[in-house]
Amino acid sequence: MIEMKSAREIEIMRRSGKITSAVLANLLRSVKAGMTLREVDRMAERGIRERGGVPTFKGYHGFPASICASVNEVVVHGIPGDRVLRDGDILSIDIGTTFEGYVSDSAATVGIGEISPAAQRLMRVTQEALMLGIAQMQAGHRLSDIGHAVQQHAEKHGYGVVRALVGHGVGKQMHEEPQVPNWGEAGKGIVMRPGLVIAIEPMVTQGSYDVETLKDGWTVVTADGKLAAHFEHTVALTDDGPRILTLREHDFMELDVAKYRPKEELAA
């Protein structure tokens, strides 16, 4: 069952999202060659707790860390450990905060040092796909319009869109109904209406969309070993359209695609 959120709940989730976005923005600015993924995770947990939140991921179905840290061919769910970041890597950071009982969930991919033009292009197109998906989150549109927009944009640029993993509803739990695929035919699924809160999260690959899960039961990698990028926002559908609850400042500066009021959001 899909649990629609009240204005009060969305406001709490906005406050949760401000913690998530602030910590993620700091991580994206701070990560550099020579750091271990464990160090990045410790920064994330400290940042969440200092702001009054609880790391949602830590302990979730036994996950041992506060973030997922996924490097290069790792699509999602990378476990932070002693791996050292190197110049030219790309790092996807997925992070969640629980605040006053409500979850916010966000992700972004960042280059470490000087990265290749091909990696830069993959990251840009994936973020564009996220924003184009968000732009479809309008009252009266169908849920599959989001994934259709994501798929069209990614495939137009020659990339794969992962099928084995999807976005999701979010609220008191990190994973709620509905599932939100990043692909599919437009005009299918539920009719979206105000009160819907979902995490939209394109996972885009340089090659095949096929993935494999490693023996640790968590780490998902591209089957062909090519790069992957991951961007995610928690988004509420309001009477005024989609409201990004995990908005970071650079998002609207680079990609003014969705119909939202970024300056007011950041000042709130």
# chains A, B, ... in the order shown; residues from 1 in each chain; ligands from 1
call {"tool": "select_by_dssp", "arguments": {"residues": "stretch 65-139 of chain A", "states": "strand (DSSP E)", "output": "number ranges by chain"}}
result
A: 67-71, 74-76, 90-99, 102-111
call {"tool": "closest_atom_pairs", "arguments": {"of": "stretch 197-246 of chain A", "to": "stretch 44-62 of chain A", "cutoff": "12 Å", "atoms": "only C-alpha atoms", "output": "CSV"}}
result
residue,atom,partner,partner_atom,distance
A:Asp216,CA,A:Gly62,CA,11.5
A:Gly217,CA,A:Gly62,CA,10.6
A:Trp218,CA,A:Gly62,CA,10.0
call {"tool": "closest_residue", "arguments": {"among": "A:Leu214, A:Ala228, A:Leu130, A:Val220", "to": "A:Gln151", "atoms": "only C-alpha atoms"}}
result
A:Leu130
call {"tool": "select_by_dssp", "arguments": {"residues": "stretch 60-236 of chain A", "states": "alpha helix (DSSP H)", "output": "VMD selection string"}}
result
chain A and resid 117 to 135 144 to 156
call {"tool": "residues_around", "arguments": {"residues": "stretch 157-163 of chain A", "least_positions_apart": "4", "cutoff": "10 Å", "atoms": "only C-alpha atoms", "output": "number ranges by chain"}}
result
A: 75, 121-122, 125-126, 147, 150-153, 181-184, 202-211, 222, 228
call {"tool": "atom_distance", "arguments": {"atom1": "atom CA of A:Met137", "atom2": "atom CA of A:Glu232"}}
result
14.2 Å
